[in-house]
Amino acid sequence: MKQKTRGLTERMDARAWFDVFVVLAALILYSVAWPTLHLTHAVSPGAQPFIAALAAFPILLVRVNPALGWAISAGSALLIALAIPHQPNNDLPFQVVQVIVLIALLFAVGLRAPVQIVAVAWGATSLLFGTIMPGEGEAFANAAWGWPIALAAVVLFALLVRWLVLSRRELLRREEENELERARRAILEEKARIARDLHDVVAHHMSLVVVQAQTAPYRVEGVTPAARAEFESIGATAREALNEIRGMLGVLRSDGQLPEHAPQPKAADVLTLFDGAKRAGVTIDWTVEGELGSVPETTGLALYRIAQESLSNASRHAPGAPVRVEIVCGMELHLRVVNGPGATPARPVGNGGHGIAGMRARALAVGGEVTADASPDGGFEVRARLPLGPAQAEAAAVVASPTVS
């Protein structure tokens, strides 16, 4: 990226210097054309600066629009040759400055204009120089053939330079594409390495947790029904976490595509999330207004992840505190999660503090927003607003009765 920025800066500096050079060249040519115009043509003093401007200033368009500059220069040359008589001691129909400007603009047309325009410019300039330039007999014949050949050499040289520049640009573009491809492969290899590490460490230990929770009632004597239910809740939570880890591994191992074999949670799955939290011992109650089944998948996934992270934060930072969840599905989807201060001091958790930032990123990805702040009673409150499409909003607004638990 730094090399690309530096290259762009260098090109901008080169263009600025080229513009300065063109302006200086135009002023020099004009300073030559004006004082010498009365020596070559019978022009009144008042018209001399204008005629000289037509001869010299079209070169200012050499970078902006060379085809237009060539058309102005060629038209003014023809006009000067036909309408303004030249001095007896001058055989040229127009000034040498005009010849220089025309050839320079023809070269610029060969560099930048379409091939059809290049052919028209070459033919018209050859016809102009070959028929109007002085000469009789053999000299005229030589001029009629010599100018087209000389101008063809100018155009062919311009096309050659043009081809070399385009080839260089194509080479640079391919090198950039190859560099991007190498970077993409490096990222994919790193993702695969992370996936292997996660699988070897996290997934393995989570599998052990599931097995231990499922077999504990049979391995330990005297397990009460409450303890058995607790083991079942631990096993269910661990299995859910293991499934999500497997889905994440599928994303890391894929080429930027979501794995079809790992279905993502939907909006209606938040009810299962709340039930699981309640079975795990969280004091939670919730109300849902509207139909969650009509929420789009991306918005539903954002809702699920934000609610999941909010419950996790409440369990970590306010253990034992009651949690209140409100979901309103109308023209927009609103989520409110409130938890009071914890009944016991929270243990320090080194999670890096990315939970709220992750929730905001989830909401922003679907065009919504998340606010999180402390509540007046010492607890914490998370609010999320997620937009819905017109069809989903109309379906979700049809509320039979709120779901309360």
# chains A, B, ... in the order shown; residues from 1 in each chain; ligands from 1

$ residues_around --residues "Gln98 of chain A" --least-positions-apart "6" --cutoff "12 Å" --atoms "only C-alpha atoms" --output "PDB file with C-alpha atoms, in the first residue's frame"
ATOM      1  CA  ALA A  26       3.491  27.803 -24.826  1.00  0.00           C
ATOM      2  CA  LEU A  29       6.339  29.844 -28.594  1.00  0.00           C
ATOM      3  CA  TYR A  30       3.926  32.741 -28.181  1.00  0.00           C
ATOM      4  CA  VAL A  32       8.369  33.965 -30.730  1.00  0.00           C
ATOM      5  CA  ALA A  33       5.193  33.958 -32.850  1.00  0.00           C
ATOM      6  CA  TRP A  34       3.917  37.411 -31.921  1.00  0.00           C
ATOM      7  CA  LEU A  37       4.253  37.512 -37.297  1.00  0.00           C
ATOM      8  CA  ILE A  51      -3.190  35.237 -34.619  1.00  0.00           C
ATOM      9  CA  ALA A  52      -0.094  34.344 -32.591  1.00  0.00           C
ATOM     10  CA  ALA A  53      -2.300  32.903 -29.842  1.00  0.00           C
ATOM     11  CA  LEU A  54      -4.005  30.628 -32.388  1.00  0.00           C
ATOM     12  CA  ALA A  55      -0.598  29.408 -33.461  1.00  0.00           C
ATOM     13  CA  ALA A  56       0.971  28.814 -30.019  1.00  0.00           C
ATOM     14  CA  PHE A  57      -1.659  28.283 -27.315  1.00  0.00           C
ATOM     15  CA  PRO A  58      -3.369  25.091 -28.595  1.00  0.00           C
ATOM     16  CA  ILE A  59      -0.366  23.219 -27.178  1.00  0.00           C
ATOM     17  CA  GLY A  69      -5.928  20.997 -29.340  1.00  0.00           C
ATOM     18  CA  TRP A  70      -4.938  19.404 -32.663  1.00  0.00           C
ATOM     19  CA  ILE A  72      -7.952  23.964 -33.102  1.00  0.00           C
ATOM     20  CA  SER A  73      -4.362  24.179 -34.353  1.00  0.00           C
ATOM     21  CA  ALA A  74      -5.120  22.513 -37.703  1.00  0.00           C
ATOM     22  CA  GLY A  75      -8.212  24.679 -38.258  1.00  0.00           C
ATOM     23  CA  SER A  76      -6.356  27.886 -37.427  1.00  0.00           C
ATOM     24  CA  ALA A  77      -3.460  26.846 -39.708  1.00  0.00           C
ATOM     25  CA  LEU A  78      -5.835  26.316 -42.610  1.00  0.00           C
ATOM     26  CA  LEU A  79      -7.571  29.619 -41.871  1.00  0.00           C
ATOM     27  CA  ILE A  80      -4.288  31.533 -41.710  1.00  0.00           C
ATOM     28  CA  ALA A  81      -3.019  29.902 -44.934  1.00  0.00           C
ATOM     29  CA  LEU A  92       5.443  29.372 -45.800  1.00  0.00           C
ATOM     30  CA  ALA A 104       3.570  18.011 -31.089  1.00  0.00           C
ATOM     31  CA  LEU A 105      -0.224  17.724 -30.830  1.00  0.00           C
ATOM     32  CA  THR A 125      -2.325  16.856 -41.212  1.00  0.00           C
ATOM     33  CA  PHE A 129       1.052  20.014 -45.159  1.00  0.00           C
TER      34      PHE A 129
END

$ residues_around --residues "Trp122 of chain A" --least-positions-apart "2" --cutoff "12 Å" --atoms "only C-alpha atoms" --output "JSON, numbers by chain"
{"A": [67, 70, 71, 74, 102, 103, 105, 106, 107, 108, 109, 110, 113, 115, 116, 117, 118, 119, 120, 124, 125, 126, 127, 128, 129, 130, 147, 148, 149, 150, 151, 152, 153, 154, 155, 156, 158]}

$ write_last_selection --atoms "N, CA, C and O atoms" --output "tab-separated table (two decimals), in the first residue's frame"
chain	number	residue	atom	x	y	z
A	67	ALA	N	-6.66	15.82	-28.80
A	67	ALA	CA	-7.44	15.81	-30.05
A	67	ALA	C	-8.09	17.17	-30.29
A	67	ALA	O	-8.10	17.68	-31.42
A	70	TRP	N	-5.34	19.60	-31.26
A	70	TRP	CA	-4.94	19.40	-32.66
A	70	TRP	C	-5.97	19.99	-33.61
A	70	TRP	O	-5.62	20.62	-34.62
A	71	ALA	N	-7.27	19.79	-33.34
A	71	ALA	CA	-8.32	20.32	-34.21
A	71	ALA	C	-8.25	21.84	-34.27
A	71	ALA	O	-8.40	22.45	-35.35
A	74	ALA	N	-4.99	22.79	-36.27
A	74	ALA	CA	-5.12	22.51	-37.70
A	74	ALA	C	-6.11	23.46	-38.35
A	74	ALA	O	-5.87	23.97	-39.47
A	102	LEU	N	1.57	21.80	-34.27
A	102	LEU	CA	0.77	20.76	-34.92
A	102	LEU	C	1.43	19.38	-34.80
A	102	LEU	O	0.76	18.39	-34.49
A	103	ILE	N	2.72	19.31	-35.01
A	103	ILE	CA	3.41	18.02	-34.91
A	103	ILE	C	3.40	17.51	-33.47
A	103	ILE	O	3.20	16.32	-33.22
A	105	LEU	N	1.14	18.18	-31.15
A	105	LEU	CA	-0.22	17.72	-30.83
A	105	LEU	C	-0.55	16.42	-31.55
A	105	LEU	O	-1.26	15.57	-31.00
A	106	LEU	N	-0.06	16.23	-32.78
A	106	LEU	CA	-0.28	14.97	-33.48
A	106	LEU	C	0.39	13.82	-32.73
A	106	LEU	O	-0.18	12.72	-32.62
A	107	PHE	N	1.58	14.06	-32.20
A	107	PHE	CA	2.26	13.05	-31.40
A	107	PHE	C	1.45	12.72	-30.14
A	107	PHE	O	1.31	11.54	-29.77
A	108	ALA	N	0.89	13.75	-29.49
A	108	ALA	CA	0.07	13.52	-28.29
A	108	ALA	C	-1.21	12.77	-28.62
A	108	ALA	O	-1.68	11.92	-27.85
A	109	VAL	N	-1.79	13.06	-29.80
A	109	VAL	CA	-2.98	12.32	-30.23
A	109	VAL	C	-2.63	10.84	-30.42
A	109	VAL	O	-3.40	9.95	-30.03
A	110	GLY	N	-1.49	10.56	-31.01
A	110	GLY	CA	-1.05	9.18	-31.17
A	110	GLY	C	-0.84	8.47	-29.84
A	110	GLY	O	-1.02	7.26	-29.74
A	113	ALA	N	-5.26	9.24	-27.95
A	113	ALA	CA	-6.58	9.19	-28.59
A	113	ALA	C	-6.85	7.79	-29.15
A	113	ALA	O	-5.92	7.00	-29.36
A	115	VAL	N	-7.61	4.89	-31.93
A	115	VAL	CA	-6.88	4.68	-33.18
A	115	VAL	C	-7.58	5.36	-34.35
A	115	VAL	O	-6.93	5.90	-35.27
A	116	GLN	N	-8.91	5.38	-34.37
A	116	GLN	CA	-9.63	6.02	-35.47
A	116	GLN	C	-9.31	7.51	-35.54
A	116	GLN	O	-9.09	8.08	-36.62
A	117	ILE	N	-9.27	8.16	-34.36
A	117	ILE	CA	-8.95	9.59	-34.33
A	117	ILE	C	-7.50	9.82	-34.74
A	117	ILE	O	-7.17	10.81	-35.41
A	118	VAL	N	-6.62	8.91	-34.33
A	118	VAL	CA	-5.21	9.03	-34.74
A	118	VAL	C	-5.09	8.98	-36.26
A	118	VAL	O	-4.36	9.78	-36.87
A	119	ALA	N	-5.83	8.07	-36.90
A	119	ALA	CA	-5.78	7.96	-38.36
A	119	ALA	C	-6.32	9.21	-39.03
A	119	ALA	O	-5.75	9.72	-40.02
A	120	VAL	N	-7.43	9.75	-38.50
A	120	VAL	CA	-8.01	10.98	-39.07
A	120	VAL	C	-7.04	12.14	-38.91
A	120	VAL	O	-6.84	12.94	-39.86
A	124	ALA	N	-5.46	14.14	-42.06
A	124	ALA	CA	-5.76	15.57	-42.26
A	124	ALA	C	-4.49	16.41	-42.22
A	124	ALA	O	-4.31	17.34	-43.02
A	125	THR	N	-3.58	16.10	-41.29
A	125	THR	CA	-2.33	16.86	-41.21
A	125	THR	C	-1.46	16.62	-42.45
A	125	THR	O	-0.83	17.56	-42.97
A	126	SER	N	-1.42	15.39	-42.94
A	126	SER	CA	-0.66	15.10	-44.16
A	126	SER	C	-1.24	15.85	-45.35
A	126	SER	O	-0.49	16.41	-46.17
A	127	LEU	N	-2.57	15.87	-45.44
A	127	LEU	CA	-3.21	16.61	-46.53
A	127	LEU	C	-2.94	18.10	-46.42
A	127	LEU	O	-2.68	18.78	-47.43
A	128	LEU	N	-2.99	18.64	-45.18
A	128	LEU	CA	-2.75	20.06	-44.98
A	128	LEU	C	-1.32	20.44	-45.37
A	128	LEU	O	-1.10	21.38	-46.14
A	129	PHE	N	-0.34	19.68	-44.86
A	129	PHE	CA	1.05	20.01	-45.16
A	129	PHE	C	1.41	19.69	-46.61
A	129	PHE	O	2.15	20.43	-47.27
A	130	GLY	N	0.87	18.58	-47.14
A	130	GLY	CA	1.25	18.15	-48.48
A	130	GLY	C	0.70	19.03	-49.57
A	130	GLY	O	1.28	19.13	-50.66
A	147	TRP	N	5.74	14.71	-46.61
A	147	TRP	CA	5.06	15.03	-45.36
A	147	TRP	C	4.26	13.83	-44.82
A	147	TRP	O	4.34	13.53	-43.61
A	148	PRO	N	3.47	13.13	-45.62
A	148	PRO	CA	2.76	11.97	-45.07
A	148	PRO	C	3.70	10.92	-44.48
A	148	PRO	O	3.41	10.33	-43.44
A	149	ILE	N	4.85	10.72	-45.14
A	149	ILE	CA	5.80	9.73	-44.62
A	149	ILE	C	6.40	10.20	-43.30
A	149	ILE	O	6.50	9.43	-42.33
A	150	ALA	N	6.79	11.46	-43.23
A	150	ALA	CA	7.38	11.99	-42.00
A	150	ALA	C	6.37	11.97	-40.85
A	150	ALA	O	6.70	11.58	-39.72
A	151	LEU	N	5.14	12.39	-41.17
A	151	LEU	CA	4.11	12.39	-40.12
A	151	LEU	C	3.73	10.97	-39.71
A	151	LEU	O	3.39	10.72	-38.54
A	152	ALA	N	3.78	10.03	-40.65
A	152	ALA	CA	3.51	8.64	-40.30
A	152	ALA	C	4.57	8.12	-39.33
A	152	ALA	O	4.26	7.35	-38.40
A	153	ALA	N	5.83	8.54	-39.54
A	153	ALA	CA	6.88	8.14	-38.61
A	153	ALA	C	6.61	8.69	-37.21
A	153	ALA	O	6.81	8.00	-36.20
A	154	VAL	N	6.12	9.94	-37.14
A	154	VAL	CA	5.78	10.54	-35.84
A	154	VAL	C	4.67	9.74	-35.16
A	154	VAL	O	4.74	9.42	-33.96
A	155	VAL	N	3.64	9.41	-35.94
A	155	VAL	CA	2.49	8.68	-35.36
A	155	VAL	C	2.91	7.28	-34.94
A	155	VAL	O	2.53	6.79	-33.85
A	156	LEU	N	3.69	6.60	-35.76
A	156	LEU	CA	4.13	5.24	-35.40
A	156	LEU	C	5.01	5.26	-34.15
A	156	LEU	O	4.89	4.36	-33.30
A	158	ALA	N	4.75	7.42	-31.72
A	158	ALA	CA	3.82	7.68	-30.62
A	158	ALA	C	3.07	6.40	-30.24
A	158	ALA	O	2.89	6.10	-29.05

$ residues_around --residues "segment 265-272 of chain A" --least-positions-apart "6" --cutoff "12 Å" --atoms "only C-alpha atoms" --output "PyMOL selection string"
chain A and resi 236-237+240+243-244+247+278-279+284-311+325-329+333-335+386+396+403-405

$ closest_residue --among "A:Gly340, A:Pro387, A:Gly222, A:Pro217" --to "Ala363 of chain A" --atoms "only C-alpha atoms"
A:Pro387

$ atom_distance --atom1 "atom CA of Val382 of chain A" --atom2 "atom CA of Gly276 of chain A"
19.9 Å

$ closest_residue --among "A:Val220, A:Val337, A:Ala121, A:Ala229" --to "Pro66 of chain A" --atoms "only C-alpha atoms"
A:Ala121

$ residues_around --residues "Ser312 of chain A" --least-positions-apart "6" --cutoff "10 Å" --atoms "only C-alpha atoms" --output "list of chain:residue names"
A:Ala277, A:Ile306, A:Ala318, A:Gly355

$ select_by_dssp --residues "segment 67-217 of chain A" --states "alpha helix (DSSP H)" --output "MDAnalysis selection string"
chainID A and resid 67:83 96:112 115:132 138:198 204:217

$ atom_distance --atom1 "atom CA of Gln48 of chain A" --atom2 "atom CA of Leu82 of chain A"
16.4 Å

$ atom_distance --atom1 "atom CA of Leu172 of chain A" --atom2 "atom CA of Glu190 of chain A"
26.8 Å
